[in-house]
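Structure first, commentary second.
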There are 2 protein chains.
Amino acid sequence: MVKEIDTKQNILDTAAALFYMQSYTAVGVATICKDAGASKGSFFHFFNSKQDLAIAVLDQFSGQLGASLVADSIASSLPPLERLDRFISMLYEAQKTYVEETGHLPGCPFGNVAVEQATQDEVIRKKIEECLAGLAQPLRNVVSDAIKNGDMPVVDVEATADAMLSYIEGIQLLAKARNDAEIIRKLGPAIKSIAIPVEN
Amino acid sequence: MVKEIDTKQNILDTAAALFYMQSYTAVGVATICKDAGASKGSFFHFFNSKQDLAIAVLDQFSGQLGASLVADSIASSLPPLERLDRFISMLYEAQKTYVEETGHLPGCPFGNVAVEQATQDEVIRKKIEECLAGLAQPLRNVVSDAIKNGDMPVVDVEATADAMLSYIEGIQLLAKARNDAEIIRKLGPAIKSIAIPVEN
């Protein structure tokens, strides 16, 4: 039983790293099995399909980021605008470390799969929507709290949180396109200036 | 000779549409040839590799967008902030039309390939950087002109243009993840509030 859990977790971790540093389509089940030291039989004992594995990988990323980056920044008890600064700072450090260790800036694990799969796989697209909601919700709290504190004018909370999430995705995309983490450090703080007024 | 040009252009247009609505990795040379009604021999007469074709596809997108969307909005002679509004409005209409016609929102042809290929193919990543520069330059002019007109405070022109470009990519990414063009219409206008101050 312990071995079963280890094998499943090993396949998950291997796939997560391969999908993240390459892409979902570029990495096949054969490669995942080879790198994880697992047989195909073992793979299909744990996962019905590569899509099934992708959903598990996205859930795992969501849980890990929720318990680390998100918990320590946008979902923390810091003053609201400091939560945003801390998020940008942690994101920058994490992406910079990837560049130092691998030569490449991988960007957002949800944004990556969204861009690659949203027009092709509706099950994966819906899962990403759910994962992104896990970032949008703490951002809504940031915006609400900032309005209460007088740190932001009264705005459309949901739309402003979505705009901030878009900006977070966008600076990672540009940083990935230029393979330069400095983009995140330099552009990131402007997230605090993004505001969508309440529609009349 | 005319037929040669037609065949090459047909392969290019077919690949552009397939890469854009699916992904670069998902679409192989065999599929492109089949859909274009061209032989593999003909394909490799015009293109050395799939990567070579990808570069040609990106150049074509860049030329087409430069002569249409970009020319009519951010590179137009409208007042600077109106250029941004017009860009967002045209982008929204274009992406909404894709959703109506295909059921899917494809997003940015450069952002898509950047996210998918930047960690894997340095030649393609560098080409995307060049294509994105074709968007960043007119945005710099928008920011410079807006500062001159007094429509924006004095900011870091290059960084602010990059931040606007990031936001354009980010709202398309979120719209693609949610398969909802309304995201672009609703969040887009906040591009005008993005400003990166000059560093001391």
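Here's how to read the names in the structure tokens: chain A, B, ... by the order shown, residue numbers from 1 in each chain, ligand numbers from 1 in the order shown.
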
Inset, instruction - Give as a PyMOL selection string every residue of chain B that touches chain A within 7 Å, counting only C-alpha atoms. - result: chain B and resi 21-23+25-26+104-106+111-112+114-116+118-120+125+128-129+159+163+166-167+169-171+173-174+176-178+187+190+193-196

Go ahead and write the residues just picked, C-alpha atoms, as a compact mmCIF listing (two decimals), in the first residue's frame.
```txt
# COMPACT_ATOMS: atom_id res chain seq x y z
CA MET B 21 -6.88 27.27 -32.80
CA GLN B 22 -5.08 24.21 -31.38
CA SER B 23 -1.40 24.54 -30.46
CA THR B 25 2.89 20.95 -30.57
CA ALA B 26 -0.55 19.43 -31.13
CA HIS B 104 -13.44 28.79 -28.63
CA LEU B 105 -11.51 31.92 -27.72
CA PRO B 106 -7.97 31.56 -29.12
CA GLY B 111 1.34 34.85 -26.32
CA ASN B 112 0.10 31.34 -27.12
CA ALA B 114 5.43 32.04 -26.10
CA VAL B 115 3.76 30.13 -23.28
CA GLU B 116 4.00 26.81 -25.12
CA ALA B 118 9.63 29.60 -24.63
CA THR B 119 11.20 26.98 -22.33
CA GLN B 120 11.68 24.51 -25.19
CA ARG B 125 11.25 32.28 -28.26
CA ILE B 128 8.21 35.86 -30.37
CA GLU B 129 10.26 38.46 -28.53
CA ALA B 159 8.28 49.85 -18.47
CA ALA B 163 3.13 46.66 -18.35
CA SER B 166 1.49 42.34 -20.17
CA TYR B 167 -2.05 43.39 -19.30
CA GLU B 169 -1.70 39.36 -22.81
CA GLY B 170 -3.15 38.68 -19.35
CA ILE B 171 -6.74 39.63 -20.15
CA LEU B 173 -5.23 34.57 -21.16
CA LEU B 174 -8.04 34.89 -18.59
CA LYS B 176 -9.24 32.10 -23.00
CA ALA B 177 -9.21 30.19 -19.68
CA ARG B 178 -12.88 31.15 -19.11
CA LEU B 187 -11.29 44.52 -17.91
CA ALA B 190 -8.20 49.58 -17.09
CA SER B 193 -4.61 53.22 -15.40
CA ILE B 194 -1.38 51.19 -15.58
CA ALA B 195 1.72 53.28 -14.86
CA ILE B 196 5.25 52.41 -13.77
```

Inset, instruction - Name the residues in contact with segment 58-74 of chain A at a cut-off of 8 Å, using only C-alpha atoms, excluding same-chain residues fewer than 6 positions from it; report them as a ChimeraX atom specification. - result: /A:16,80,83-84,86-87,90-91,109-110,127-128,131,134-135,138-139,142

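The spacing separating atom CA of Gln95 of chain A from atom CA of Ala17 of chain A amounts to 14.1 Å.
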
Inset, instruction - Could you give me, as a PyMOL selection string, each residue of segment 61-154 of chain B that DSSP assigns to alpha helix (DSSP H) when run on this structure's backbone? - result: chain B and resi 61-67+69-72+80-102+109-117+122-149

Legend entry - Spatial neighbours of Asp151 of chain A, 10 Å, only C-alpha atoms, chain gap at least 4 places, as a ChimeraX atom specification: /A:79-81,143-147,192

Inset, instruction - Would you mind reading off the distance between atom CA of Asp13 of chain B and atom CA of Asn48 of chain B, one decimal, in Å? - result: 17.0 Å
